[in-house]
>>> print(open('run_15.txt').read())   # compact mmCIF, C-alpha atoms
# COMPACT_ATOMS: atom_id res chain seq x y z
CA MET A 10 153.38 142.49 94.14
CA ALA A 11 150.07 144.27 93.64
CA ASP A 12 148.86 147.72 94.61
CA ILE A 13 145.62 149.53 95.34
CA LEU A 14 145.47 153.09 93.97
CA HIS A 15 142.81 155.78 94.39
CA ARG A 16 142.31 159.49 93.77
CA ILE A 17 139.76 161.81 95.34
CA GLY A 18 139.35 165.58 95.31
CA ILE A 19 138.04 167.53 98.28
CA LYS A 20 136.34 170.84 97.52
CA ASN A 21 136.51 174.09 99.44
CA SER A 22 139.05 172.87 101.94
CA SER A 23 142.79 173.24 102.54
CA ILE A 24 145.71 170.84 102.51
CA ASP A 25 146.27 171.60 106.21
CA LYS A 26 142.73 170.54 107.08
CA VAL A 27 142.97 167.30 105.10
CA TYR A 28 146.39 166.57 106.60
CA ARG A 29 144.81 166.87 110.07
CA VAL A 30 142.13 164.26 109.31
CA LEU A 31 144.97 161.89 108.35
CA THR A 32 147.14 162.54 111.41
CA THR A 33 144.83 163.07 114.40
CA ARG A 34 142.76 160.52 116.30
CA GLU A 35 139.69 162.71 115.96
CA GLY A 36 140.14 163.09 112.22
CA LEU A 37 140.77 159.40 111.55
CA ALA A 38 137.81 158.41 113.74
CA GLY A 39 135.63 160.68 111.64
CA TRP A 40 136.04 158.79 108.38
CA TRP A 41 137.58 155.32 108.90
CA THR A 42 136.50 153.85 112.23
CA THR A 43 135.16 155.47 115.38
CA ASN A 44 137.25 152.91 117.30
CA THR A 45 140.61 154.61 116.67
CA THR A 46 143.30 154.89 119.34
CA GLY A 47 146.46 156.98 119.11
CA GLU A 48 147.65 160.08 117.30
CA GLY A 49 149.28 159.88 113.88
CA ASP A 50 151.16 163.18 114.05
CA GLN A 51 154.63 161.85 114.99
CA VAL A 52 156.85 159.42 113.10
CA GLY A 53 157.11 156.21 115.10
CA ASN A 54 153.64 156.50 116.64
CA ILE A 55 151.30 153.52 116.45
CA VAL A 56 147.66 154.09 115.60
CA ILE A 57 145.21 151.29 116.35
CA PHE A 58 142.07 150.87 114.26
CA ARG A 59 139.35 148.38 115.26
CA PHE A 60 136.17 147.42 113.40
CA GLY A 61 133.50 145.95 115.72
CA ASP A 62 134.24 142.27 116.34
CA LYS A 63 136.13 141.90 113.07
CA GLY A 64 139.56 142.93 114.36
CA GLY A 65 141.47 145.66 112.63
CA PHE A 66 144.89 147.11 111.93
CA ASP A 67 147.85 148.52 113.87
CA MET A 68 149.67 151.14 111.82
CA LYS A 69 153.11 152.56 112.45
CA VAL A 70 153.64 156.08 111.15
CA THR A 71 156.85 155.77 109.14
CA GLN A 72 156.97 159.07 107.25
CA LEU A 73 155.40 162.52 107.54
CA GLN A 74 156.00 165.57 105.36
CA ALA A 75 153.45 168.07 106.64
CA PRO A 76 151.14 168.87 105.01
CA ASN A 77 151.73 166.76 101.88
CA LEU A 78 152.59 163.18 102.77
CA VAL A 79 151.65 160.52 105.32
CA ILE A 80 153.02 156.95 105.16
CA TRP A 81 152.04 154.07 107.45
CA GLU A 82 153.33 150.53 107.70
CA VAL A 83 150.89 147.83 108.74
CA ILE A 84 152.47 146.10 111.75
CA ASP A 85 149.48 143.99 112.84
CA GLY A 86 146.21 142.88 111.27
CA PRO A 87 145.13 140.35 108.63
CA LYS A 88 148.16 138.44 107.38
CA GLU A 89 147.70 139.79 103.84
CA TRP A 90 148.12 143.35 105.20
CA ILE A 91 151.20 142.86 107.35
CA GLY A 92 154.21 144.57 105.79
CA THR A 93 152.14 146.46 103.26
CA THR A 94 152.36 150.26 103.32
CA ILE A 95 149.70 152.94 103.00
CA HIS A 96 150.51 156.30 101.46
CA PHE A 97 148.44 159.49 101.41
CA GLU A 98 149.81 162.26 99.20
CA LEU A 99 148.14 165.68 99.12
CA LYS A 100 148.34 168.52 96.61
CA GLN A 101 146.23 171.52 95.60
CA GLU A 102 144.63 171.69 92.12
CA GLU A 103 142.21 174.51 91.39
CA ASP A 104 139.53 174.44 94.10
CA TYR A 105 140.37 170.89 95.13
CA VAL A 106 142.74 169.23 97.55
CA ILE A 107 143.74 166.12 95.63
CA LEU A 108 144.45 163.00 97.68
CA LEU A 109 146.47 160.29 95.93
CA PHE A 110 146.16 157.05 97.87
CA GLN A 111 148.35 153.94 97.61
CA HIS A 112 148.15 150.64 99.49
CA LEU A 113 151.33 149.03 98.23
CA ASN A 114 153.06 145.68 98.15
CA TRP A 115 150.30 143.10 98.50
CA LYS A 116 152.09 139.80 97.97
CA GLU A 117 149.28 138.39 95.80
CA PRO A 118 146.10 139.84 94.27
CA VAL A 119 143.90 137.65 96.49
CA GLU A 120 140.12 138.09 96.56
CA PHE A 121 140.43 139.95 99.88
CA MET A 122 142.46 142.57 98.00
CA TYR A 123 139.57 143.10 95.55
CA HIS A 124 137.31 143.74 98.56
CA CYS A 125 139.79 146.09 100.24
CA SER A 126 140.24 148.07 97.02
CA THR A 127 136.51 148.85 96.78
CA LYS A 128 136.23 149.44 100.52
CA TRP A 129 139.15 151.93 100.47
CA ALA A 130 137.29 153.89 97.77
CA ILE A 131 134.21 154.01 99.98
CA PHE A 132 136.21 155.11 103.03
CA LEU A 133 138.03 157.79 101.02
CA MET A 134 134.63 159.10 99.92
CA SER A 135 133.76 159.14 103.64
CA LEU A 136 136.88 161.26 104.24
CA LYS A 137 135.77 163.60 101.43
CA ALA A 138 132.31 163.89 103.00
CA LEU A 139 133.80 164.50 106.46
CA VAL A 140 135.89 167.44 105.26
CA GLU A 141 133.29 168.89 102.90
CA THR A 142 130.21 168.50 105.09
CA GLY A 143 131.48 167.80 108.62
CA LYS A 144 130.10 164.26 108.59
CA GLY A 145 131.79 161.09 107.34
CA ASN A 146 130.64 157.47 107.40
CA PRO A 147 133.18 155.66 109.60
CA ASP A 148 132.64 152.12 110.86
CA PRO A 149 130.18 151.09 112.29
CA ASN A 150 128.12 153.39 110.06
CA ASP A 151 130.11 152.66 106.91
CA ILE A 152 128.55 151.85 103.56
CA ARG A 153 128.43 148.07 103.00
CA ILE A 154 129.77 146.76 99.73
CA ASP A 155 129.48 142.94 99.95
CA ASN A 156 129.04 139.91 102.26
CA TRP A 157 132.39 140.67 103.93
CA ASN A 158 131.00 144.12 104.68
CA MET B 430 151.62 146.38 84.05
CA ALA B 431 149.11 147.48 86.68
CA ASP B 432 145.58 146.37 87.43
CA ILE B 433 142.42 147.72 89.04
CA LEU B 434 140.53 145.18 91.15
CA HIS B 435 137.16 145.46 92.93
CA ARG B 436 134.61 143.25 94.69
CA ILE B 437 130.96 144.01 95.38
CA GLY B 438 128.08 141.85 96.60
CA ILE B 439 124.52 142.31 95.39
CA LYS B 440 121.78 141.22 97.78
CA ASN B 441 118.50 139.51 97.00
CA SER B 442 119.20 139.11 93.32
CA SER B 443 120.31 136.35 90.96
CA ILE B 444 123.35 135.79 88.79
CA ASP B 445 121.10 135.87 85.72
CA LYS B 446 119.81 139.32 86.60
CA VAL B 447 123.28 140.73 87.22
CA TYR B 448 124.56 139.14 84.01
CA ARG B 449 121.80 140.98 82.14
CA VAL B 450 122.87 144.39 83.49
CA LEU B 451 126.35 143.63 82.13
CA THR B 452 125.25 142.46 78.69
CA THR B 453 122.24 144.56 77.63
CA ARG B 454 122.13 148.18 76.53
CA GLU B 455 119.35 148.89 78.99
CA GLY B 456 121.25 147.33 81.88
CA LEU B 457 124.54 149.08 81.11
CA ALA B 458 122.75 152.42 80.65
CA GLY B 459 121.26 151.95 84.10
CA TRP B 460 124.53 152.04 86.02
CA TRP B 461 127.44 153.32 83.87
CA THR B 462 126.23 155.90 81.37
CA THR B 463 122.81 156.64 79.98
CA ASN B 464 124.57 157.31 76.65
CA THR B 465 125.19 153.63 75.81
CA THR B 466 124.81 152.22 72.30
CA GLY B 467 124.83 148.55 71.37
CA GLU B 468 124.12 145.23 73.02
CA GLY B 469 126.81 143.28 74.85
CA ASP B 470 125.23 139.86 74.59
CA GLN B 471 127.24 138.47 71.65
CA VAL B 472 130.96 137.94 71.34
CA GLY B 473 132.33 140.37 68.76
CA ASN B 474 129.74 143.05 69.44
CA ILE B 475 130.92 146.61 70.03
CA VAL B 476 129.31 148.64 72.80
CA ILE B 477 129.83 152.40 72.77
CA PHE B 478 129.81 154.37 76.02
CA ARG B 479 129.85 158.19 76.00
CA PHE B 480 130.07 160.60 78.92
CA GLY B 481 128.71 164.07 78.08
CA ASP B 482 131.34 166.08 76.22
CA LYS B 483 134.20 164.12 77.78
CA GLY B 484 134.34 161.33 75.19
CA GLY B 485 134.14 157.73 76.28
CA PHE B 486 135.01 154.16 75.41
CA ASP B 487 134.33 151.63 72.65
CA MET B 488 134.35 148.10 74.02
CA LYS B 489 134.55 144.89 72.04
CA VAL B 490 132.96 141.89 73.74
CA THR B 491 135.70 139.25 73.60
CA GLN B 492 134.38 136.53 75.91
CA LEU B 493 131.04 135.51 77.42
CA GLN B 494 130.28 132.55 79.65
CA ALA B 495 126.66 133.12 80.65
CA PRO B 496 125.91 133.83 83.41
CA ASN B 497 129.35 133.93 85.04
CA LEU B 498 131.82 135.86 82.93
CA VAL B 499 131.97 138.92 80.67
CA ILE B 500 135.21 140.20 79.14
CA TRP B 501 135.64 143.36 77.09
CA GLU B 502 138.62 144.79 75.25
CA VAL B 503 138.91 148.56 75.01
CA ILE B 504 139.27 149.33 71.30
CA ASP B 505 138.85 153.12 71.43
CA GLY B 506 139.02 155.77 74.14
CA PRO B 507 141.74 157.48 76.17
CA LYS B 508 145.16 156.24 75.07
CA GLU B 509 145.85 154.75 78.52
CA TRP B 510 142.76 152.51 78.14
CA ILE B 511 143.36 151.17 74.65
CA GLY B 512 144.31 147.51 74.75
CA THR B 513 143.37 147.11 78.41
CA THR B 514 140.70 144.52 79.23
CA ILE B 515 137.75 144.62 81.60
CA HIS B 516 136.52 141.45 83.29
CA PHE B 517 133.33 140.86 85.25
CA GLU B 518 133.13 137.51 87.05
CA LEU B 519 129.96 136.49 88.91
CA LYS B 520 129.32 133.86 91.57
CA GLN B 521 126.76 133.18 94.27
CA GLU B 522 127.76 133.31 97.97
CA GLU B 523 125.03 133.02 100.59
CA ASP B 524 122.43 135.71 99.79
CA TYR B 525 124.81 137.66 97.58
CA VAL B 526 125.80 137.67 93.95
CA ILE B 527 129.50 138.45 94.15
CA LEU B 528 130.98 140.48 91.31
CA LEU B 529 134.76 140.33 90.93
CA PHE B 530 135.92 143.14 88.69
CA GLN B 531 139.27 143.52 86.91
CA HIS B 532 140.56 146.27 84.65
CA LEU B 533 143.82 144.71 83.55
CA ASN B 534 147.06 145.61 81.82
CA TRP B 535 147.47 149.33 82.33
CA LYS B 536 150.95 150.04 80.94
CA GLU B 537 151.83 152.39 83.80
CA PRO B 538 150.16 153.35 87.10
CA VAL B 539 149.56 156.92 85.91
CA GLU B 540 147.52 159.37 87.97
CA PHE B 541 144.55 158.81 85.63
CA MET B 542 144.58 155.16 86.75
CA TYR B 543 144.19 156.26 90.40
CA HIS B 544 141.13 158.26 89.33
CA CYS B 545 139.65 155.41 87.29
CA SER B 546 140.14 152.95 90.16
CA THR B 547 138.04 155.07 92.52
CA LYS B 548 135.51 155.87 89.81
CA TRP B 549 135.06 152.17 88.97
CA ALA B 550 134.23 151.52 92.64
CA ILE B 551 131.59 154.25 92.52
CA PHE B 552 130.09 152.89 89.29
CA LEU B 553 130.05 149.32 90.64
CA MET B 554 128.15 150.64 93.69
CA SER B 555 125.78 152.21 91.14
CA LEU B 556 125.34 148.75 89.56
CA LYS B 557 124.63 147.30 93.01
CA ALA B 558 122.03 150.01 93.67
CA LEU B 559 120.44 149.45 90.25
CA VAL B 560 119.91 145.74 90.88
CA GLU B 561 118.94 146.06 94.56
CA THR B 562 116.67 149.11 94.31
CA GLY B 563 115.86 149.57 90.61
CA LYS B 564 117.80 152.83 90.43
CA GLY B 565 121.51 153.33 89.72
CA ASN B 566 123.54 156.52 89.33
CA PRO B 567 124.83 156.44 85.74
CA ASP B 568 126.46 159.43 84.06
CA PRO B 569 125.33 162.26 83.96
CA ASN B 570 123.94 161.65 87.45
CA ASP B 571 127.02 159.87 88.76
CA ILE B 572 128.69 160.66 92.07
CA ARG B 573 131.66 163.00 91.58
CA ILE B 574 134.95 162.03 93.18
CA ASP B 575 137.43 164.76 92.15
CA ASN B 576 138.17 167.62 89.72
CA TRP B 577 138.26 165.18 86.81
CA ASN B 578 134.75 164.12 87.85
>>> encode(input="run_15.txt", output="structure tokens")
Amino acid sequence: MADILHRIGIKNSSIDKVYRVLTTREGLAGWWTTNTTGEGDQVGNIVIFRFGDKGGFDMKVTQLQAPNLVIWEVIDGPKEWIGTTIHFELKQEEDYVILLFQHLNWKEPVEFMYHCSTKWAIFLMSLKALVETGKGNPDPNDIRIDNWN
Amino acid sequence: MADILHRIGIKNSSIDKVYRVLTTREGLAGWWTTNTTGEGDQVGNIVIFRFGDKGGFDMKVTQLQAPNLVIWEVIDGPKEWIGTTIHFELKQEEDYVILLFQHLNWKEPVEFMYHCSTKWAIFLMSLKALVETGKGNPDPNDIRIDNWN
């Protein structure tokens, strides 16, 4: 098993505000992909993320502890993602809301995982920008990192 | 053990050029930290990276396969980094030089590792910008990600 881990800090915000961008369609569409369907504010909900003609991911919300924890299970998408879980943990430190991110239980550290690790960092920085400035960089206006996008 | 993995693609460049930014003082100072001492172009060399008043890392070059592979061992720095190894593997794909990055053998996935994972992504994007545009964002002009910088 292999895991992707990240940490960002969001300034001049609140845990409640960051929790909302992780659990509402509008919030998620503001930093990950504009093509987001569904609300992530109830356990059992499915949220559907699509990225142009490249497919995407269906996430089942499996755990919520407002406003500190959001866990999704990937129920459809690239085969390497299916069954993996995505965790967002929030806490306050000084003037920052700290977001600890985990994408857990990749079966193998395949090259696609290297790509996804970097791309998650970029999207989390988009989330940071969304909350701090009101404007993120969701797909299709995301920052490109390589030939896979 | 836990690992950090990343993948970036650099457009309109060459493997030789990217290999140089990984093995020369000038190249390394252009994307990681301006306070870089030593050349990384010989196995056994030590390259010293410092970040303002926050300390830094001493790296021993342990393997070179020009122009495709660079491996460093961390011989001094934060205790969590000592004994870990950093690998840069290069290959050409279409119009891109692909850089596969590994920071291997963290003893535990401590919170500092989450931070370093995100920060490595940001610095690798700085490397990409350096090669593609001539200008990276090395410390002290690096992009901040959280309250630890």
>>> residues_around(input="run_15.txt", residues="Ile511 (chain B)", least_positions_apart="6", cutoff="12 Å", atoms="only C-alpha atoms", output="list in words")
Gly485, Phe486, Asp487, Met488, Lys489, Trp501, Glu502, Val503, Ile504, Asp505, His532, Leu533, Asn534, Trp535 and Lys536 of chain B
>>> atom_distance(input="run_15.txt", atom1="CA of Asn474 (chain B)", atom2="CA of Pro507 (chain B)")
19.9 Å
>>> interface_residues(input="run_15.txt", of="chain A", to="chain B", cutoff="9 Å", atoms="only C-alpha atoms", output="PyMOL selection string")
chain A and resi 11-20+102-107+109-111+118+120-131+133-134+137+153-158
>>> atom_distance(input="run_15.txt", atom1="CA of Asn77 (chain A)", atom2="CA of Asn21 (chain A)")
17.1 Å
>>> atom_distance(input="run_15.txt", atom1="CA of Ile80 (chain A)", atom2="CA of Thr45 (chain A)")
17.1 Å
>>> axis_aligned_box(input="run_15.txt", around="region 512-531 of chain B", padding_each_side="3 Å", output="lines of an AutoDock Vina configuration file")
center_x = 133.4
center_y = 140.3
center_z = 87.7
size_x = 27.9
size_y = 20.5
size_z = 31.8
>>> closest_residue(input="run_15.txt", among="B:Ala458, B:Val472, B:Leu498, B:Val447", to="Pro567 (chain B)", atoms="only C-alpha atoms")
B:Ala458
>>> residues_around(input="run_15.txt", residues="Phe480 (chain B)", least_positions_apart="5", cutoff="8 Å", atoms="all atoms listed in the file", output="JSON list (two decimals) with C-alpha atoms, keeping the file's coordinate frame")
[["chain", "number", "residue", "atom", "x", "y", "z"],
["B", 462, "THR", "CA", 126.23, 155.90, 81.37],
["B", 464, "ASN", "CA", 124.57, 157.31, 76.65],
["B", 485, "GLY", "CA", 134.14, 157.73, 76.28],
["B", 568, "ASP", "CA", 126.46, 159.43, 84.06],
["B", 569, "PRO", "CA", 125.33, 162.26, 83.96]]
>>> residues_near_point(input="run_15.txt", point="(122.7, 142.7, 85.0)", cutoff="12 Å", atoms="all atoms listed in the file", output="PyMOL selection string")
chain B and resi 439+442-461+469-470+495-499+517-519+526+528+553+555-561+563+565
>>> write_last_selection(input="run_15.txt", atoms="C-alpha atoms", output="PDB file, keeping the file's coordinate frame")
ATOM      1  CA  ILE B 439     124.520 142.310  95.390  1.00  0.00           C
ATOM      2  CA  SER B 442     119.200 139.110  93.320  1.00  0.00           C
ATOM      3  CA  SER B 443     120.310 136.350  90.960  1.00  0.00           C
ATOM      4  CA  ILE B 444     123.350 135.790  88.790  1.00  0.00           C
ATOM      5  CA  ASP B 445     121.100 135.870  85.720  1.00  0.00           C
ATOM      6  CA  LYS B 446     119.810 139.320  86.600  1.00  0.00           C
ATOM      7  CA  VAL B 447     123.280 140.730  87.220  1.00  0.00           C
ATOM      8  CA  TYR B 448     124.560 139.140  84.010  1.00  0.00           C
ATOM      9  CA  ARG B 449     121.800 140.980  82.140  1.00  0.00           C
ATOM     10  CA  VAL B 450     122.870 144.390  83.490  1.00  0.00           C
ATOM     11  CA  LEU B 451     126.350 143.630  82.130  1.00  0.00           C
ATOM     12  CA  THR B 452     125.250 142.460  78.690  1.00  0.00           C
ATOM     13  CA  THR B 453     122.240 144.560  77.630  1.00  0.00           C
ATOM     14  CA  ARG B 454     122.130 148.180  76.530  1.00  0.00           C
ATOM     15  CA  GLU B 455     119.350 148.890  78.990  1.00  0.00           C
ATOM     16  CA  GLY B 456     121.250 147.330  81.880  1.00  0.00           C
ATOM     17  CA  LEU B 457     124.540 149.080  81.110  1.00  0.00           C
ATOM     18  CA  ALA B 458     122.750 152.420  80.650  1.00  0.00           C
ATOM     19  CA  GLY B 459     121.260 151.950  84.100  1.00  0.00           C
ATOM     20  CA  TRP B 460     124.530 152.040  86.020  1.00  0.00           C
ATOM     21  CA  TRP B 461     127.440 153.320  83.870  1.00  0.00           C
ATOM     22  CA  GLY B 469     126.810 143.280  74.850  1.00  0.00           C
ATOM     23  CA  ASP B 470     125.230 139.860  74.590  1.00  0.00           C
ATOM     24  CA  ALA B 495     126.660 133.120  80.650  1.00  0.00           C
ATOM     25  CA  PRO B 496     125.910 133.830  83.410  1.00  0.00           C
ATOM     26  CA  ASN B 497     129.350 133.930  85.040  1.00  0.00           C
ATOM     27  CA  LEU B 498     131.820 135.860  82.930  1.00  0.00           C
ATOM     28  CA  VAL B 499     131.970 138.920  80.670  1.00  0.00           C
ATOM     29  CA  PHE B 517     133.330 140.860  85.250  1.00  0.00           C
ATOM     30  CA  GLU B 518     133.130 137.510  87.050  1.00  0.00           C
ATOM     31  CA  LEU B 519     129.960 136.490  88.910  1.00  0.00           C
ATOM     32  CA  VAL B 526     125.800 137.670  93.950  1.00  0.00           C
ATOM     33  CA  LEU B 528     130.980 140.480  91.310  1.00  0.00           C
ATOM     34  CA  LEU B 553     130.050 149.320  90.640  1.00  0.00           C
ATOM     35  CA  SER B 555     125.780 152.210  91.140  1.00  0.00           C
ATOM     36  CA  LEU B 556     125.340 148.750  89.560  1.00  0.00           C
ATOM     37  CA  LYS B 557     124.630 147.300  93.010  1.00  0.00           C
ATOM     38  CA  ALA B 558     122.030 150.010  93.670  1.00  0.00           C
ATOM     39  CA  LEU B 559     120.440 149.450  90.250  1.00  0.00           C
ATOM     40  CA  VAL B 560     119.910 145.740  90.880  1.00  0.00           C
ATOM     41  CA  GLU B 561     118.940 146.060  94.560  1.00  0.00           C
ATOM     42  CA  GLY B 563     115.860 149.570  90.610  1.00  0.00           C
ATOM     43  CA  GLY B 565     121.510 153.330  89.720  1.00  0.00           C
TER      44      GLY B 565
END
